[in-house]
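Here's run_23.cif, which has mmCIF, C-alpha atoms:
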```
data_structure
loop_
_atom_site.label_atom_id
_atom_site.label_comp_id
_atom_site.auth_asym_id
_atom_site.auth_seq_id
_atom_site.Cartn_x
_atom_site.Cartn_y
_atom_site.Cartn_z
CA MET A 193 0.00 0.00 0.00
CA SER A 194 2.77 2.35 0.95
CA THR A 195 4.56 1.38 -2.27
CA MET A 196 1.40 2.11 -4.18
CA ARG A 197 1.14 5.56 -2.61
CA GLU A 198 4.74 6.29 -3.42
CA LEU A 199 4.22 5.18 -6.98
CA LEU A 200 1.16 7.40 -7.31
CA LEU A 201 3.01 10.36 -5.85
CA ILE A 202 5.92 9.83 -8.21
CA SER A 203 3.52 9.57 -11.12
CA ILE A 204 1.84 12.86 -10.18
CA LEU A 205 5.17 14.62 -9.75
CA ALA A 206 6.38 13.21 -13.03
CA ALA A 207 3.23 14.31 -14.84
CA SER A 208 3.53 17.77 -13.34
CA ALA A 209 7.19 18.14 -14.25
CA PHE A 210 6.45 16.74 -17.69
CA ALA A 211 3.69 19.29 -18.30
CA GLN A 212 5.74 22.30 -17.28
CA GLY A 213 8.72 20.97 -19.17
CA GLY A 214 7.28 20.79 -22.63
CA ASN A 215 4.34 18.51 -23.32
CA LEU A 216 1.77 21.29 -23.51
CA GLY A 217 0.27 20.14 -26.79
CA ALA A 218 -0.09 23.12 -29.08
CA PHE A 219 1.99 25.28 -26.71
CA THR A 220 5.51 25.15 -25.33
CA ASP A 221 5.57 26.95 -21.98
CA ALA A 222 3.44 27.74 -18.94
CA GLY A 223 3.98 30.24 -16.16
CA ASP A 224 2.65 33.18 -14.20
CA VAL A 225 2.84 36.72 -15.54
CA GLY A 226 3.04 39.61 -13.03
CA ASN A 227 4.10 37.44 -10.09
CA PRO A 228 0.72 36.80 -8.39
CA ALA A 229 0.87 35.90 -4.66
CA ARG A 230 -0.69 32.52 -5.42
CA LYS A 231 1.16 30.44 -7.97
CA GLY A 232 -0.76 29.15 -10.95
CA SER A 233 -0.34 25.81 -12.68
CA THR A 234 -1.10 24.06 -15.95
CA GLU A 235 -1.81 20.39 -16.64
CA PHE A 236 -2.10 19.07 -20.17
CA ASN A 237 -3.76 15.75 -20.80
CA ALA A 238 -2.33 14.43 -24.05
CA SER A 239 -5.00 11.73 -24.41
CA THR A 240 -7.96 14.16 -24.23
CA GLY A 241 -6.11 17.24 -25.50
CA GLN A 242 -7.48 19.19 -22.55
CA TYR A 243 -5.69 21.86 -20.54
CA ARG A 244 -6.55 22.35 -16.88
CA ILE A 245 -5.23 25.83 -16.12
CA THR A 246 -5.26 27.33 -12.62
CA GLY A 247 -4.58 31.04 -12.33
CA SER A 248 -4.68 33.74 -9.69
CA GLY A 249 -3.90 37.46 -9.93
CA ALA A 250 -5.54 40.83 -9.34
CA ASN A 251 -6.61 41.25 -12.95
CA ILE A 252 -5.67 41.63 -16.61
CA TRP A 253 -6.48 45.30 -16.74
CA GLY A 254 -5.23 48.87 -16.27
CA ASN A 255 -1.49 49.27 -16.76
CA GLN A 256 -0.41 45.78 -15.68
CA ASP A 257 -1.52 42.18 -15.44
CA GLN A 258 -1.35 39.12 -13.20
CA PHE A 259 -2.43 35.72 -14.55
CA GLN A 260 -1.37 32.20 -15.57
CA PHE A 261 -0.28 31.95 -19.21
CA VAL A 262 0.29 28.94 -21.44
CA TRP A 263 1.97 30.00 -24.64
CA ARG A 264 4.14 29.48 -27.68
CA GLU A 265 5.96 31.92 -29.96
CA MET A 266 4.54 32.71 -33.39
CA SER A 267 5.06 35.13 -36.26
CA GLY A 268 2.89 36.33 -39.14
CA ASN A 269 -0.81 35.58 -39.33
CA PHE A 270 -2.45 32.88 -37.24
CA ALA A 271 -5.59 31.81 -35.41
CA VAL A 272 -6.14 30.13 -32.04
CA THR A 273 -9.36 28.32 -31.20
CA ALA A 274 -10.38 26.90 -27.81
CA THR A 275 -13.48 25.91 -25.85
CA LEU A 276 -13.45 26.87 -22.18
CA GLN A 277 -15.39 26.11 -19.05
CA PHE A 278 -14.84 27.58 -15.57
CA LEU A 279 -14.76 25.05 -12.71
CA GLY A 280 -16.16 26.02 -9.30
CA GLN A 281 -17.29 29.43 -8.10
CA GLY A 282 -15.34 32.69 -8.17
CA GLU A 283 -15.38 36.41 -8.79
CA GLN A 284 -17.90 37.75 -11.27
CA HIS A 285 -15.04 39.21 -13.30
CA ARG A 286 -12.61 36.30 -13.21
CA LYS A 287 -11.35 35.86 -16.75
CA ALA A 288 -10.25 33.11 -19.08
CA GLY A 289 -9.51 33.25 -22.77
CA ILE A 290 -7.03 33.50 -25.64
CA MET A 291 -4.27 36.12 -25.67
CA PHE A 292 -1.67 37.51 -28.08
CA ARG A 293 1.10 39.18 -26.07
CA GLN A 294 4.33 40.92 -27.03
CA SER A 295 6.30 39.71 -23.97
CA LEU A 296 6.01 38.20 -20.48
CA ASP A 297 6.37 41.65 -18.88
CA THR A 298 3.46 42.50 -16.58
CA ASP A 299 2.75 45.70 -18.58
CA SER A 300 3.30 44.26 -22.08
CA ALA A 301 1.19 45.12 -25.12
CA TYR A 302 -1.51 42.50 -25.68
CA GLY A 303 -4.84 41.70 -27.29
CA ASP A 304 -7.28 39.10 -26.02
CA ILE A 305 -10.77 37.65 -26.05
CA VAL A 306 -11.86 36.66 -22.56
CA ILE A 307 -15.00 35.27 -20.98
CA HIS A 308 -15.77 36.69 -17.55
CA GLY A 309 -17.07 34.51 -14.72
CA ASN A 310 -20.54 35.99 -15.19
CA GLY A 311 -20.54 34.99 -18.87
CA MET A 312 -19.65 38.38 -20.37
CA PRO A 313 -17.36 38.17 -23.42
CA GLY A 314 -14.84 41.00 -23.63
CA MET A 315 -12.21 42.08 -26.12
CA GLN A 316 -9.29 43.81 -24.40
CA TRP A 317 -6.08 45.33 -25.71
CA ARG A 318 -3.09 47.37 -24.54
CA ASN A 319 -1.47 49.14 -27.50
CA LYS A 320 1.91 49.76 -25.93
CA SER A 321 3.87 48.62 -22.91
CA GLY A 322 2.69 50.43 -19.74
CA GLU A 323 -0.44 51.93 -21.28
CA ILE A 324 -3.94 51.40 -19.97
CA THR A 325 -6.08 48.52 -21.14
CA ASN A 326 -8.76 49.28 -23.70
CA THR A 327 -11.91 47.25 -23.49
CA PHE A 328 -15.06 46.43 -25.40
CA ASP A 329 -17.58 44.13 -23.71
CA PHE A 330 -20.28 42.28 -25.62
CA PRO A 331 -23.91 41.69 -24.62
CA PHE A 332 -24.40 38.55 -22.50
CA ASP A 333 -26.91 36.75 -20.34
CA SER A 334 -25.36 34.02 -18.19
CA PRO A 335 -22.28 31.85 -17.58
CA ALA A 336 -21.78 28.96 -20.01
CA LYS A 337 -19.26 26.94 -21.96
CA PHE A 338 -17.84 29.21 -24.69
CA LYS A 339 -15.96 28.45 -27.89
CA LEU A 340 -13.51 31.25 -28.71
CA LYS A 341 -11.30 32.15 -31.66
CA LEU A 342 -8.68 34.90 -31.82
CA GLU A 343 -7.05 35.65 -35.16
CA ARG A 344 -4.18 37.90 -36.18
CA ASN A 345 -4.36 39.32 -39.69
CA GLY A 346 -1.73 42.04 -40.14
CA PRO A 347 -2.59 44.72 -37.58
CA ARG A 348 -6.08 43.29 -37.06
CA VAL A 349 -7.01 41.19 -34.06
CA ILE A 350 -10.29 39.45 -34.85
CA VAL A 351 -12.57 37.85 -32.25
CA SER A 352 -15.17 35.16 -32.78
CA PHE A 353 -17.16 33.29 -30.16
CA ALA A 354 -20.17 31.04 -29.63
CA LYS A 355 -22.03 29.88 -26.57
CA ASP A 356 -22.98 26.32 -25.59
CA GLY A 357 -22.09 24.54 -28.82
CA ALA A 358 -23.52 27.14 -31.22
CA GLU A 359 -21.63 27.79 -34.45
CA LEU A 360 -18.59 30.03 -34.07
CA LYS A 361 -19.44 33.58 -35.21
CA ARG A 362 -17.15 36.46 -36.07
CA ILE A 363 -18.09 39.31 -33.71
CA ALA A 364 -15.64 42.20 -34.07
CA ASN A 365 -12.04 43.21 -34.56
CA THR A 366 -9.64 45.83 -33.30
CA GLU A 367 -6.06 46.73 -34.17
CA VAL A 368 -2.88 46.08 -32.19
CA THR A 369 0.59 46.41 -33.72
CA PHE A 370 2.85 43.57 -32.53
CA ARG A 371 6.43 42.83 -33.52
CA ASN A 372 7.28 39.30 -34.71
CA PRO A 373 7.61 36.96 -32.95
CA LEU A 374 4.96 37.32 -30.27
CA LEU A 375 3.49 35.02 -27.61
CA VAL A 376 0.23 33.26 -28.30
CA GLY A 377 -1.74 31.28 -25.73
CA LEU A 378 -4.38 30.69 -23.08
CA VAL A 379 -4.96 32.77 -19.94
CA VAL A 380 -6.70 32.40 -16.55
CA CYS A 381 -7.00 35.16 -13.93
CA SER A 382 -9.02 34.96 -10.68
CA HIS A 383 -9.52 38.75 -10.42
CA LYS A 384 -8.57 38.44 -6.74
CA ALA A 385 -5.11 38.18 -5.17
CA ASP A 386 -6.15 35.60 -2.55
CA ALA A 387 -8.08 33.26 -4.84
CA SER A 388 -7.32 30.89 -7.70
CA ASP A 389 -9.63 29.66 -10.42
CA THR A 390 -9.38 26.58 -12.60
CA VAL A 391 -10.57 26.51 -16.19
CA VAL A 392 -10.69 23.55 -18.57
CA PHE A 393 -9.78 24.34 -22.18
CA SER A 394 -10.63 21.74 -24.80
CA ASP A 395 -10.51 21.44 -28.61
CA VAL A 396 -7.52 23.77 -28.70
CA SER A 397 -5.95 24.49 -32.07
CA VAL A 398 -3.24 26.86 -33.26
CA GLU A 399 -3.17 27.46 -36.98
CA GLN A 400 -0.66 29.42 -39.08
CA LEU A 401 -2.48 31.50 -41.72
CA PRO A 402 -1.19 32.92 -45.01
CA PRO A 403 -0.53 36.66 -45.27
CA PRO A 404 -3.45 38.69 -46.68
CA ALA A 405 -3.80 38.35 -50.44
CA GLY A 406 -1.71 40.88 -52.31
CA LYS A 407 0.14 42.04 -49.21
CA LYS A 408 3.62 41.41 -48.01
CA GLN A 409 4.00 40.62 -44.35
CA MET B 50 -39.01 83.60 -58.79
CA ARG B 51 -35.33 82.73 -58.89
CA GLU B 52 -34.53 85.69 -56.66
CA PHE B 53 -37.24 84.69 -54.24
CA LEU B 54 -35.84 81.15 -54.08
CA LEU B 55 -32.35 82.48 -53.54
CA VAL B 56 -33.52 84.71 -50.71
CA CYS B 57 -35.32 81.79 -49.12
CA LEU B 58 -32.24 79.60 -49.39
CA ALA B 59 -30.02 82.32 -48.00
CA ALA B 60 -32.45 82.89 -45.16
CA ALA B 61 -32.69 79.18 -44.44
CA SER B 62 -28.93 78.89 -44.49
CA ALA B 63 -28.41 81.84 -42.17
CA PHE B 64 -31.12 80.45 -39.93
CA ALA B 65 -29.39 77.08 -39.79
CA GLN B 66 -25.93 78.43 -39.05
CA ALA B 67 -27.30 80.76 -36.38
CA GLY B 68 -27.89 77.94 -33.93
CA LYS B 69 -31.33 76.58 -34.66
CA PHE B 70 -30.42 72.92 -34.89
CA GLY B 71 -33.32 71.30 -33.13
CA ALA B 72 -31.87 69.06 -30.42
CA LEU B 73 -28.39 70.49 -31.14
CA THR B 74 -27.01 74.03 -31.03
CA ASN B 75 -23.91 74.50 -33.22
CA SER B 76 -22.35 73.42 -36.50
CA ASP B 77 -18.76 73.68 -37.74
CA ASP B 78 -15.86 71.82 -39.30
CA VAL B 79 -13.35 70.17 -36.99
CA GLY B 80 -9.71 69.88 -38.16
CA ASN B 81 -10.00 72.45 -40.96
CA PRO B 82 -10.73 70.20 -43.97
CA LEU B 83 -9.93 71.60 -47.42
CA LEU B 84 -13.58 71.47 -48.52
CA LYS B 85 -15.91 73.28 -46.15
CA GLY B 86 -18.82 71.35 -44.69
CA SER B 87 -22.33 72.53 -43.90
CA ALA B 88 -25.46 71.60 -42.00
CA VAL B 89 -29.08 72.40 -42.77
CA PHE B 90 -31.80 71.60 -40.24
CA ASP B 91 -35.40 71.35 -41.42
CA ALA B 92 -37.58 72.13 -38.41
CA SER B 93 -40.73 70.81 -40.10
CA THR B 94 -39.30 67.31 -40.69
CA GLY B 95 -36.71 67.33 -37.90
CA GLN B 96 -34.10 66.23 -40.44
CA TYR B 97 -30.46 67.29 -40.65
CA ARG B 98 -28.70 67.40 -44.00
CA ILE B 99 -25.02 67.36 -43.05
CA THR B 100 -22.26 67.68 -45.63
CA GLY B 101 -18.76 66.86 -44.45
CA SER B 102 -15.32 66.40 -45.95
CA GLY B 103 -11.97 65.52 -44.35
CA THR B 104 -9.45 62.70 -44.41
CA ASP B 105 -11.09 60.76 -41.59
CA ILE B 106 -11.99 60.56 -37.91
CA TRP B 107 -9.06 58.33 -37.12
CA GLY B 108 -5.43 58.15 -36.01
CA ARG B 109 -4.29 61.11 -33.90
CA ALA B 110 -6.31 63.89 -35.57
CA ASP B 111 -9.74 64.26 -37.15
CA GLN B 112 -11.33 66.15 -40.02
CA PHE B 113 -15.13 66.18 -40.34
CA HIS B 114 -18.24 68.32 -40.06
CA TYR B 115 -19.86 68.34 -36.63
CA VAL B 116 -23.27 69.45 -35.36
CA TRP B 117 -23.31 69.43 -31.57
CA ARG B 118 -24.55 70.68 -28.22
CA GLU B 119 -23.03 70.69 -24.75
CA ILE B 120 -24.33 68.17 -22.26
CA SER B 121 -23.41 66.84 -18.80
CA GLY B 122 -24.16 63.72 -16.81
CA ASN B 123 -26.04 60.76 -18.23
CA PHE B 124 -27.77 60.80 -21.59
CA ALA B 125 -28.91 58.87 -24.66
CA VAL B 126 -28.62 60.00 -28.29
CA THR B 127 -30.35 58.35 -31.23
CA ALA B 128 -30.30 59.19 -34.95
CA THR B 129 -31.04 57.47 -38.23
CA ALA B 130 -28.40 58.05 -40.91
CA GLN B 131 -28.65 57.72 -44.68
CA PHE B 132 -25.81 58.52 -47.09
CA LEU B 133 -27.18 60.66 -49.93
CA THR B 134 -24.00 60.67 -52.01
CA GLU B 135 -21.67 58.02 -53.36
CA GLY B 136 -18.13 58.08 -52.03
CA ILE B 137 -15.28 56.24 -50.38
CA GLU B 138 -16.17 52.89 -48.84
CA HIS B 139 -15.09 54.13 -45.41
CA ARG B 140 -16.84 57.50 -45.39
CA LYS B 141 -18.48 57.83 -42.00
CA ALA B 142 -21.68 59.05 -40.38
CA VAL B 143 -21.45 59.09 -36.60
CA ILE B 144 -22.98 59.92 -33.25
CA MET B 145 -20.06 61.32 -31.29
CA LEU B 146 -19.18 62.41 -27.75
CA ARG B 147 -16.21 64.75 -27.87
CA LYS B 148 -14.23 66.57 -25.22
CA SER B 149 -13.49 69.63 -27.35
CA LEU B 150 -13.40 70.93 -30.94
CA ASP B 151 -9.64 70.37 -31.14
CA THR B 152 -8.68 68.11 -34.05
CA ASP B 153 -6.92 65.69 -31.66
CA SER B 154 -9.52 65.77 -28.86
CA PRO B 155 -10.55 62.64 -26.97
CA PHE B 156 -13.81 61.22 -28.35
CA ILE B 157 -15.96 58.15 -28.63
CA GLN B 158 -18.38 57.42 -31.43
CA VAL B 159 -20.67 54.86 -32.95
CA ALA B 160 -20.16 55.00 -36.71
CA ILE B 161 -21.70 53.56 -39.83
CA HIS B 162 -19.32 53.42 -42.79
CA GLY B 163 -20.44 53.94 -46.38
CA ASN B 164 -20.15 50.20 -47.06
CA GLY B 165 -22.37 49.38 -44.07
CA MET B 166 -19.66 48.45 -41.56
CA PRO B 167 -20.69 49.44 -38.01
CA ALA B 168 -17.92 50.50 -35.63
CA VAL B 169 -17.29 51.92 -32.20
CA GLN B 170 -14.14 54.04 -32.14
CA PHE B 171 -12.44 56.07 -29.42
CA ARG B 172 -9.43 58.22 -28.58
CA SER B 173 -8.92 58.07 -24.83
CA SER B 174 -6.50 60.98 -24.38
CA LYS B 175 -5.64 64.09 -26.39
CA GLY B 176 -3.32 63.35 -29.32
CA ASP B 177 -3.45 59.58 -28.80
CA ILE B 178 -4.28 57.08 -31.55
CA THR B 179 -7.84 56.02 -32.29
CA ASN B 180 -8.92 52.58 -31.09
CA PRO B 181 -11.32 50.77 -33.41
CA VAL B 182 -13.92 48.12 -32.74
CA ASP B 183 -15.15 47.11 -36.18
CA PHE B 184 -18.13 44.82 -36.72
CA PRO B 185 -18.93 42.62 -39.72
CA VAL B 186 -20.09 44.57 -42.79
CA GLU B 187 -23.87 44.53 -43.23
CA GLY B 188 -23.97 46.39 -46.54
CA PRO B 189 -25.19 49.89 -47.44
CA GLY B 190 -28.55 50.88 -45.96
CA ILE B 191 -30.36 53.23 -43.63
CA TYR B 192 -28.93 52.76 -40.14
CA LYS B 193 -30.35 53.76 -36.79
CA LEU B 194 -27.58 54.49 -34.28
CA LYS B 195 -27.78 54.94 -30.52
CA LEU B 196 -25.12 55.93 -28.00
CA VAL B 197 -25.76 56.02 -24.24
CA ARG B 198 -23.57 57.33 -21.43
CA GLN B 199 -24.27 56.19 -17.88
CA GLY B 200 -21.46 57.03 -15.49
CA ASN B 201 -18.28 56.05 -17.38
CA THR B 202 -20.02 53.32 -19.35
CA ILE B 203 -20.71 54.02 -23.02
CA THR B 204 -23.08 51.60 -24.74
CA ALA B 205 -23.70 51.46 -28.50
CA TRP B 206 -26.66 50.12 -30.46
CA ILE B 207 -27.37 49.76 -34.18
CA ALA B 208 -30.17 48.66 -36.50
CA LYS B 209 -30.31 48.37 -40.28
CA ASP B 210 -33.32 49.31 -42.42
CA GLY B 211 -35.97 49.56 -39.73
CA GLU B 212 -34.99 46.49 -37.70
CA ALA B 213 -35.08 46.65 -33.90
CA LEU B 214 -32.03 48.23 -32.26
CA ARG B 215 -29.51 45.64 -31.08
CA GLU B 216 -26.72 46.29 -28.59
CA LEU B 217 -23.21 46.12 -30.03
CA GLY B 218 -21.63 46.29 -26.58
CA HIS B 219 -20.11 48.73 -24.15
CA THR B 220 -16.82 50.23 -23.09
CA SER B 221 -15.54 52.64 -20.44
CA ASN B 222 -14.56 56.19 -21.26
CA ASP B 223 -14.15 59.12 -18.91
CA LEU B 224 -14.79 62.20 -21.04
CA GLY B 225 -16.13 64.15 -18.06
CA SER B 226 -18.77 66.89 -18.08
CA PRO B 227 -19.66 68.97 -19.91
CA VAL B 228 -18.98 67.15 -23.15
CA LEU B 229 -19.94 67.91 -26.75
CA VAL B 230 -22.49 65.48 -28.15
CA GLY B 231 -23.64 65.43 -31.74
CA LEU B 232 -23.63 64.18 -35.32
CA GLY B 233 -20.59 63.99 -37.60
CA VAL B 234 -19.83 63.31 -41.26
CA SER B 235 -16.42 62.66 -42.82
CA SER B 236 -15.85 61.83 -46.50
CA HIS B 237 -12.58 59.97 -45.75
CA THR B 238 -10.87 62.05 -48.48
CA GLN B 239 -9.76 65.65 -48.88
CA ALA B 240 -10.99 65.56 -52.47
CA ALA B 241 -14.71 65.14 -51.81
CA ALA B 242 -17.56 65.98 -49.50
CA ASN B 243 -20.41 63.63 -48.63
CA THR B 244 -23.94 64.43 -47.55
CA VAL B 245 -25.79 62.41 -44.94
CA LEU B 246 -29.45 62.80 -43.99
CA PHE B 247 -30.02 62.33 -40.26
CA SER B 248 -33.62 61.86 -39.11
CA ASP B 249 -35.44 60.95 -35.88
CA VAL B 250 -32.69 62.62 -33.87
CA SER B 251 -33.15 62.72 -30.12
CA VAL B 252 -30.92 63.75 -27.21
CA GLU B 253 -32.30 62.99 -23.76
CA GLN B 254 -30.95 63.10 -20.24
CA ILE B 255 -31.34 59.78 -18.43
CA ALA B 256 -30.99 58.56 -14.86
CA PRO B 257 -27.53 57.86 -13.39
CA PRO B 258 -26.47 54.18 -13.10
CA ALA B 259 -28.43 52.33 -10.41
CA GLY B 260 -26.79 52.45 -6.99
CA LYS B 261 -24.07 54.86 -8.02
CA LYS B 262 -23.48 58.49 -7.19
CA GLN B 263 -22.45 60.74 -10.01
#
```
Here is the file; what I need is its structure written in the form of structure tokens.
Amino acid sequence: MSTMRELLLISILAASAFAQGGNLGAFTDAGDVGNPARKGSTEFNASTGQYRITGSGANIWGNQDQFQFVWREMSGNFAVTATLQFLGQGEQHRKAGIMFRQSLDTDSAYGDIVIHGNGMPGMQWRNKSGEITNTFDFPFDSPAKFKLKLERNGPRVIVSFAKDGAELKRIANTEVTFRNPLLVGLVVCSHKADASDTVVFSDVSVEQLPPPAGKKQ
Amino acid sequence: MREFLLVCLAAASAFAQAGKFGALTNSDDVGNPLLKGSAVFDASTGQYRITGSGTDIWGRADQFHYVWREISGNFAVTATAQFLTEGIEHRKAVIMLRKSLDTDSPFIQVAIHGNGMPAVQFRSSKGDITNPVDFPVEGPGIYKLKLVRQGNTITAWIAKDGEALRELGHTSNDLGSPVLVGLGVSSHTQAAANTVLFSDVSVEQIAPPAGKKQ
């Protein structure tokens, strides 16, 4: 029995080390941005393709951010798709979604599509390092499972989403000028320094797209 | 007869420029576009015929024709816009809240482009870039626009060709009080002017957000 426990413990540790070390499916790295008091974590299940991401942090907002990030580097045009579901209860404005980010600095330029804990989809962007966050929030009714897509097309950042299995719909776009390469990935923030939230992301895909027709990159 | 008509037109024009703009009070170009704009208000129909030129309402500085009034606190503005002239795909008709008449003033607007693309656009501080939120193109048509300010929350609605207004979404913007609220037209080119007919225009004060002090 004691051997069994040890074996289990070793397996868990191994899985954890494995996840942080590189088997993150479509992504390559996981870590906290902005040094939140509570550490976040990421587990990737290669057999289901699901990510179980736990993040804390005051917010992704204002001039600086705190959250758990799972990312890879990319250049050019691309699209990321993911379906997310919050586990457990939390702050109304806890956030999870897909982010494009220039760097791991807490005040880096970024663009994202996030779902808030209350079910409100929001597009957020910081044009330059240290600036405030711009926001546009979309009409909503209640929490749910959301499918999200964030696409980069030149300066455009395009958001699409759908609720509870509905067909993905293009909603809006803004503009953020990133340098290549940039960081592309999934985010979770509890919107509270002394809390953590866990979100399951499934059906995650990262797709490189061609440059716009007739345009050089 | 021709003289009579001319006198009437001149009188109507003087009347319009003198400050009788229905729900609004003033009319002028912002950003000194090469081609001068104009606004004519018809009190019997409540319609505004606004002609505006200018490179755009975009980037760090704007050029357009503006018809406005001062307002403070919480309010809702609605207007139905119809382009009367052909032009650049991204010519704009807008309901705007603007801090000042400076070309690089902070502003927020709900816009319909000539090609039928709705957008919410804003410049948060003087001289900063313009942030766009563009929505899928719905094609040319007659668009009803609505912009509401409650506290720092700005909410935008749109409807095409007589459909019910639908909410596009909301953002936060602290333009303070008083602020200039009104209708704008930009041709998106220095080489042309475009005319837009605005009808069913209303500006109304509304209650502050529930549970919040102003």
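Put simply, the PyMOL selection byres ((chain B) within 7 of (chain A)) on this file hits B:Pro181, B:Val182, B:Asp183, B:Phe184, B:Pro185, B:Glu216, B:Leu217, B:Gly218, B:His219, B:Thr220.
From atom CA of Ser248 of chain B back to atom CA of Gln96 of chain B, the distance works out to 4.6 Å.
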Could you check the closest approach to Gly211 of chain B for each of B:Ala142, B:Ala130, B:Ala240, B:Leu224 and tell me which residue wins, using all atoms listed in the file?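 Of B:Ala142, B:Ala130, B:Ala240, B:Leu224, the one nearest Gly211 of chain B is B:Ala130, counting all atoms listed in the file.
Minimum atom-to-atom distances from A:Ala250, A:Leu276, A:Val398, A:Met266 to Arg293 of chain A were compared using all atoms listed in the file, and the lowest value belongs to A:Met266.
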Please determine, counting all atoms listed in the file, which residue among A:Ala271, A:Val225, A:Leu378, A:Ile245 has the shortest atom-to-atom distance to Pro402 of chain A. A:Ala271
Would you compute the distance between atom CA of Met166 of chain B and atom CA of Gly188 of chain B? Give it in Å to one decimal.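 Atom CA of Met166 of chain B sits 6.9 Å away from atom CA of Gly188 of chain B.
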I'd like to see the residues matched by the PyMOL selection byres ((chain B and resi 231-235) around 6) on this file, and ideally I'd get them as a VMD selection string. chain B and resid 101 to 103 105 113 to 117 140 to 145 230 236 to 237
Saved selection, atoms kept: C-alpha atoms, as a JSON list (two decimals), in the frame of the given file:
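Here's the written file result.json:
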```
[["chain", "number", "residue", "atom", "x", "y", "z"],
["B", 101, "GLY", "CA", -18.76, 66.86, -44.45],
["B", 102, "SER", "CA", -15.32, 66.40, -45.95],
["B", 103, "GLY", "CA", -11.97, 65.52, -44.35],
["B", 105, "ASP", "CA", -11.09, 60.76, -41.59],
["B", 113, "PHE", "CA", -15.13, 66.18, -40.34],
["B", 114, "HIS", "CA", -18.24, 68.32, -40.06],
["B", 115, "TYR", "CA", -19.86, 68.34, -36.63],
["B", 116, "VAL", "CA", -23.27, 69.45, -35.36],
["B", 117, "TRP", "CA", -23.31, 69.43, -31.57],
["B", 140, "ARG", "CA", -16.84, 57.50, -45.39],
["B", 141, "LYS", "CA", -18.48, 57.83, -42.00],
["B", 142, "ALA", "CA", -21.68, 59.05, -40.38],
["B", 143, "VAL", "CA", -21.45, 59.09, -36.60],
["B", 144, "ILE", "CA", -22.98, 59.92, -33.25],
["B", 145, "MET", "CA", -20.06, 61.32, -31.29],
["B", 230, "VAL", "CA", -22.49, 65.48, -28.15],
["B", 236, "SER", "CA", -15.85, 61.83, -46.50],
["B", 237, "HIS", "CA", -12.58, 59.97, -45.75]]
```
Check the smallest atom-to-atom distance from each of B:Lys209, B:Lys69, B:Arg118, B:Lys193 to Val252 of chain B using all atoms listed in the file, then report the winner. B:Arg118
For the PyMOL selection byres ((chain A and resi 274) around 7), applied here, can you spell out every residue it catches as an MDAnalysis selection string? chainID A and resid 272:273 275:276 339:341 393:397
